[in-house]
file target27.txt (compact mmCIF, C-alpha atoms)
# COMPACT_ATOMS: atom_id res chain seq x y z
CA MET A 1 51.49 192.78 88.41
CA LYS A 2 47.82 192.21 89.11
CA ILE A 3 46.33 192.18 85.62
CA LEU A 4 42.65 192.45 84.70
CA LEU A 5 41.81 190.94 81.31
CA ILE A 6 38.92 192.65 79.56
CA GLY A 7 38.04 190.37 76.66
CA TYR A 8 38.69 186.66 76.90
CA GLY A 9 38.68 185.49 73.32
CA LYS A 10 41.62 184.08 71.40
CA MET A 11 43.84 187.06 72.18
CA GLY A 12 42.77 187.24 75.83
CA LYS A 13 43.62 183.59 76.38
CA THR A 14 47.02 183.99 74.72
CA ILE A 15 47.75 187.08 76.81
CA GLU A 16 46.82 185.14 79.94
CA GLN A 17 49.33 182.39 79.11
CA THR A 18 52.06 184.92 78.36
CA ALA A 19 51.42 186.96 81.52
CA LEU A 20 51.37 183.90 83.79
CA ALA A 21 54.61 182.64 82.23
CA LYS A 22 56.21 185.98 83.16
CA GLY A 23 55.09 185.67 86.78
CA HIS A 24 52.12 188.04 86.71
CA GLU A 25 48.73 187.40 88.31
CA ILE A 26 45.43 187.44 86.42
CA ILE A 27 42.94 188.80 88.95
CA GLY A 28 39.91 188.82 86.67
CA LYS A 29 38.63 187.90 83.24
CA ILE A 30 35.78 190.01 81.87
CA ASP A 31 33.88 188.86 78.79
CA HIS A 32 30.44 189.50 77.29
CA ASP A 33 28.78 186.95 79.60
CA ASN A 34 30.03 188.62 82.81
CA ALA A 35 30.50 192.24 81.68
CA GLN A 36 28.64 193.50 84.77
CA GLU A 37 31.54 192.29 86.95
CA LEU A 38 33.82 195.03 85.60
CA LYS A 39 32.46 197.29 88.37
CA ASN A 40 34.26 195.11 90.93
CA TYR A 41 37.69 196.36 89.79
CA THR A 42 39.37 199.63 90.76
CA SER A 43 42.88 200.96 91.29
CA ASP A 44 42.74 199.46 94.78
CA ASN A 45 42.83 195.88 93.51
CA THR A 46 44.13 196.21 89.93
CA ASP A 47 47.57 197.30 88.68
CA VAL A 48 46.69 197.37 84.98
CA ALA A 49 43.97 196.24 82.58
CA ILE A 50 44.56 194.73 79.14
CA GLU A 51 41.55 195.25 76.88
CA PHE A 52 40.90 193.30 73.68
CA THR A 53 37.19 193.36 72.88
CA HIS A 54 34.84 194.52 70.11
CA PRO A 55 34.34 197.96 68.54
CA GLU A 56 31.00 198.51 70.29
CA SER A 57 32.37 197.89 73.80
CA ALA A 58 35.98 199.13 73.64
CA PHE A 59 35.38 202.80 74.40
CA GLY A 60 33.18 202.00 77.40
CA ASN A 61 35.79 199.62 78.79
CA VAL A 62 38.67 202.06 78.33
CA SER A 63 36.60 204.89 79.83
CA TYR A 64 35.72 202.80 82.89
CA CYS A 65 39.38 202.08 83.54
CA LEU A 66 40.43 205.71 83.17
CA VAL A 67 37.64 206.97 85.42
CA HIS A 68 38.56 204.43 88.11
CA GLY A 69 42.32 205.02 88.00
CA ILE A 70 43.28 201.77 86.30
CA PRO A 71 46.11 202.04 83.72
CA VAL A 72 44.72 200.45 80.55
CA VAL A 73 46.35 198.82 77.53
CA SER A 74 43.91 198.51 74.63
CA GLY A 75 44.26 196.58 71.39
CA SER A 76 40.63 196.72 70.25
CA THR A 77 40.15 198.04 66.72
CA GLY A 78 37.22 199.57 64.86
CA TRP A 79 36.37 202.19 67.53
CA LEU A 80 38.80 204.99 66.72
CA ASP A 81 36.01 207.49 66.00
CA LYS A 82 35.95 207.77 69.81
CA PHE A 83 39.73 207.70 70.32
CA GLU A 84 40.11 211.44 70.88
CA GLU A 85 37.42 211.27 73.58
CA ALA A 86 39.46 208.57 75.32
CA VAL A 87 42.60 210.71 75.05
CA ALA A 88 40.78 213.73 76.52
CA LEU A 89 39.41 211.60 79.38
CA CYS A 90 42.87 210.21 80.11
CA LEU A 91 44.37 213.68 80.31
CA LYS A 92 41.49 214.96 82.45
CA LYS A 93 41.82 212.10 84.93
CA LYS A 94 45.63 212.12 84.77
CA GLY A 95 45.47 208.46 83.86
CA ALA A 96 47.59 206.09 81.79
CA PHE A 97 46.38 204.83 78.41
CA PHE A 98 48.36 202.75 75.94
CA TYR A 99 46.85 202.05 72.53
CA ALA A 100 48.11 200.14 69.50
CA SER A 101 46.27 198.58 66.59
CA ASN A 102 48.90 195.84 66.72
CA TYR A 103 51.22 194.90 69.59
CA SER A 104 53.66 192.73 67.65
CA VAL A 105 57.18 194.14 67.74
CA GLY A 106 57.65 192.87 64.18
CA VAL A 107 54.53 194.66 62.96
CA ASN A 108 55.68 197.91 64.52
CA LEU A 109 59.01 197.58 62.75
CA PHE A 110 56.90 196.99 59.61
CA PHE A 111 55.08 200.27 60.32
CA HIS A 112 58.43 202.05 60.73
CA PHE A 113 59.87 200.72 57.46
CA ASN A 114 56.52 201.32 55.71
CA GLU A 115 56.68 205.04 56.51
CA TYR A 116 60.29 205.25 55.33
CA ILE A 117 59.62 203.45 52.03
CA ALA A 118 56.54 205.60 51.36
CA SER A 119 58.59 208.76 51.87
CA LYS A 120 60.94 207.59 49.11
CA MET A 121 58.41 206.02 46.74
CA GLN A 122 56.05 208.98 46.56
CA THR A 123 58.41 210.71 44.12
CA TYR A 124 58.14 207.81 41.63
CA LYS A 125 54.75 208.40 40.02
CA ALA A 126 54.90 205.26 37.85
CA TYR A 127 54.15 203.13 40.94
CA ASP A 128 50.62 202.71 42.28
CA VAL A 129 50.53 201.90 45.99
CA SER A 130 47.96 199.59 47.61
CA ILE A 131 47.50 197.46 50.75
CA ARG A 132 46.20 193.90 51.14
CA GLU A 133 45.29 192.44 54.53
CA VAL A 134 44.20 188.88 55.29
CA HIS A 135 42.76 187.62 58.59
CA HIS A 136 40.79 184.74 60.08
CA LEU A 137 37.04 184.44 59.54
CA GLN A 138 36.24 185.72 63.05
CA LYS A 139 37.86 189.11 62.41
CA VAL A 140 34.97 191.56 62.72
CA ASP A 141 36.29 194.86 61.37
CA LYS A 142 37.34 195.60 57.79
CA PRO A 143 39.91 196.89 57.09
CA SER A 144 41.99 195.72 60.02
CA GLY A 145 43.34 198.30 62.44
CA THR A 146 46.83 197.31 61.33
CA GLY A 147 45.87 197.90 57.70
CA ILE A 148 44.54 201.35 58.57
CA THR A 149 47.70 202.22 60.52
CA ALA A 150 49.80 201.14 57.53
CA ALA A 151 47.62 203.32 55.29
CA GLU A 152 48.09 206.34 57.56
CA GLY A 153 51.85 205.83 57.40
CA ILE A 154 51.73 205.93 53.62
CA LEU A 155 49.31 208.87 53.43
CA SER A 156 51.64 211.01 55.52
CA SER A 157 53.90 211.10 52.44
CA TYR A 158 51.32 210.68 49.64
CA ILE A 159 49.62 214.06 50.06
CA ASN A 160 48.05 213.70 46.59
CA LEU A 161 45.86 210.83 47.84
CA GLU A 162 42.55 211.75 49.50
CA GLY A 163 42.63 209.23 52.34
CA TRP A 164 42.02 205.50 52.07
CA VAL A 165 39.14 203.41 50.73
CA ALA A 166 38.07 199.83 51.49
CA ASP A 167 37.93 197.27 48.68
CA ASN A 168 37.61 199.73 45.82
CA PRO A 169 40.72 199.66 43.61
CA GLU A 170 38.93 201.72 40.95
CA GLU A 171 38.97 204.77 43.22
CA LYS A 172 42.32 206.12 42.05
CA SER A 173 42.20 209.26 44.19
CA LYS A 174 42.42 207.16 47.38
CA LEU A 175 44.67 204.45 48.80
CA ASN A 176 42.90 201.10 48.43
CA ILE A 177 42.94 198.54 51.24
CA THR A 178 41.78 195.09 50.14
CA SER A 179 40.48 192.88 52.96
CA GLU A 180 40.27 189.09 52.75
CA ARG A 181 38.97 186.63 55.36
CA GLU A 182 40.17 183.03 55.29
CA PRO A 183 40.26 180.13 57.78
CA ASP A 184 43.18 179.98 60.23
CA VAL A 185 45.01 183.11 59.11
CA VAL A 186 46.48 185.01 62.07
CA GLY A 187 47.31 188.18 60.17
CA THR A 188 48.97 189.13 56.89
CA HIS A 189 49.65 192.68 55.67
CA ILE A 190 51.30 193.50 52.35
CA VAL A 191 52.03 196.93 50.89
CA THR A 192 52.54 196.84 47.11
CA TYR A 193 54.09 199.40 44.78
CA ALA A 194 53.25 198.29 41.24
CA SER A 195 54.28 199.74 37.90
CA GLU A 196 53.98 198.39 34.36
CA VAL A 197 57.48 196.93 34.54
CA ASP A 198 57.93 195.69 38.10
CA LYS A 199 56.56 195.45 41.63
CA ILE A 200 57.97 196.20 45.10
CA GLU A 201 56.39 194.68 48.22
CA LEU A 202 56.80 195.09 51.96
CA GLY A 203 54.98 192.51 54.06
CA HIS A 204 54.45 191.09 57.50
CA ILE A 205 53.02 187.61 58.11
CA ALA A 206 52.18 186.53 61.66
CA HIS A 207 52.57 182.81 62.39
CA SER A 208 50.84 182.90 65.80
CA ARG A 209 49.24 185.29 68.28
CA THR A 210 52.18 184.93 70.67
CA GLY A 211 53.96 187.98 69.30
CA PHE A 212 50.88 190.15 69.82
CA ALA A 213 50.42 188.84 73.38
CA GLU A 214 54.06 189.38 74.30
CA GLY A 215 53.87 192.96 73.08
CA ALA A 216 50.66 193.65 75.02
CA VAL A 217 52.13 192.31 78.28
CA MET A 218 55.32 194.28 77.63
CA ALA A 219 53.19 197.42 77.19
CA ALA A 220 51.37 196.72 80.47
CA GLU A 221 54.71 196.39 82.29
CA TRP A 222 56.00 199.58 80.66
CA LEU A 223 52.85 201.61 81.48
CA ILE A 224 53.08 201.14 85.25
CA ASP A 225 53.93 204.44 87.06
CA ARG A 226 53.45 206.47 83.86
CA GLU A 227 50.86 209.14 83.13
CA GLY A 228 49.53 210.07 79.69
CA VAL A 229 48.75 208.50 76.33
CA TYR A 230 51.28 206.21 74.67
CA GLY A 231 51.80 203.83 71.79
CA MET A 232 54.33 201.34 70.47
CA LYS A 233 56.57 204.07 69.05
CA ASP A 234 57.05 205.41 72.56
CA MET A 235 57.88 202.02 74.06
CA LEU A 236 60.14 200.87 71.22
CA ASN A 237 61.79 204.29 70.64
CA LEU A 238 60.93 204.21 66.93
call {"tool": "encode", "arguments": {"input": "target27.txt", "output": "C-alpha cells"}}
result
Amino acid sequence: MKILLIGYGKMGKTIEQTALAKGHEIIGKIDHDNAQELKNYTSDNTDVAIEFTHPESAFGNVSYCLVHGIPVVSGSTGWLDKFEEAVALCLKKKGAFFYASNYSVGVNLFFHFNEYIASKMQTYKAYDVSIREVHHLQKVDKPSGTGITAAEGILSSYINLEGWVADNPEEKSKLNITSEREPDVVGTHIVTYASEVDKIELGHIAHSRTGFAEGAVMAAEWLIDREGVYGMKDMLNL
C-alpha cells in the first residue's frame, strides 16, 4: 500500500518501521512543521492515511482525508466531541474511516473482558469500581482515550453511575479515572473492584509501542476496499 503518515511523533515513527517491514511504502510524512503539504495528497496518489496527531488537529486531518477520498485510520484521542461530525462526513462522502482509541490487539481483548466482568460485577454492590491509567510525560490528554473507552465499557452495565469523572474519587455518583504521568511509561490501564475484604483487578501493561503500530497497520490493510465507519471490534470480530 501507499501509506500517508499524518503525525510523525513516537507513534508515527513506530508505524513507519512496522509498515516498511511489511512491504508497504510511506509516500509522505505530515507533521506540524509541514502541515501545509497535506494538500498534496489525494486518492490519486494515496491508498490510505494513518493519523496520529493532537486533539486540536485530528478532526481537520480526518475531514481532509474523507473529503478527498482517502481511507483514513485515526488513533488520535481527545477530540471525540467532533467524532459524530466525522462519522456523518464519512457517510456523506461514502468514505472509509477506522477509529480506535487504542490499536493494540491485547488492549482490545482487555476492553472485551472489561465489559464482560463489569456485566457480572455490577450485581455485587459491596465492590466500588475505579480505573487507573499511567502514561509517559508527553501524553497530552487526561484521561487517556483508552481509559475513557474502558470507562464506557463499564458504564454500559453500571447504569446507576452518572458517567465518569477525572481524578475525583470523592464523587461517588460517577466512575473515577485516575491519571498519572511518569517518565518512560508506554501505557498502563487497571480496572479495580474493591470491597472492604478483597480486591479484583483487570489490567493491561504495554511494554512498547510496537503492538499499537502493528494494530494500526493491520487496520489500514483491512480498511482498503471498504466503505463506512469501523473500529477494532469489527476487525477482530469481538
call {"tool": "residues_around", "arguments": {"input": "target27.txt", "residues": "range 49-52 of chain A", "least_positions_apart": "6", "cutoff": "7 Å", "atoms": "only C-alpha atoms", "output": "PyMOL selection string"}}
result
chain A and resi 3-7+12+70-76
call {"tool": "axis_aligned_box", "arguments": {"input": "target27.txt", "around": "range 97-111 of chain A", "padding_each_side": "3 Å", "output": "AutoDock Vina command-line options"}}
result
--center_x 52.6 --center_y 198.8 --center_z 69.0 --size_x 18.7 --size_y 18.1 --size_z 24.8
call {"tool": "closest_residue", "arguments": {"input": "target27.txt", "among": "A:Ala86, A:Val186, A:Ala118, A:Ile148", "to": "Val229 in chain A", "atoms": "only C-alpha atoms"}}
result
A:Ala86
call {"tool": "residues_around", "arguments": {"input": "target27.txt", "residues": "Ser157 in chain A", "least_positions_apart": "6", "cutoff": "12 Å", "atoms": "all atoms listed in the file", "output": "MDAnalysis selection string"}}
result
chainID A and resid 114:123 129 150:151 163 175
call {"tool": "closest_residue", "arguments": {"input": "target27.txt", "among": "A:Gly60, A:Gly28, A:Gly69, A:Gly95", "to": "Thr42 in chain A", "atoms": "all atoms listed in the file"}}
result
A:Gly69
call {"tool": "closest_residue", "arguments": {"input": "target27.txt", "among": "A:His68, A:Ala219, A:Glu16, A:Asn108", "to": "Lys39 in chain A", "atoms": "all atoms listed in the file"}}
result
A:His68
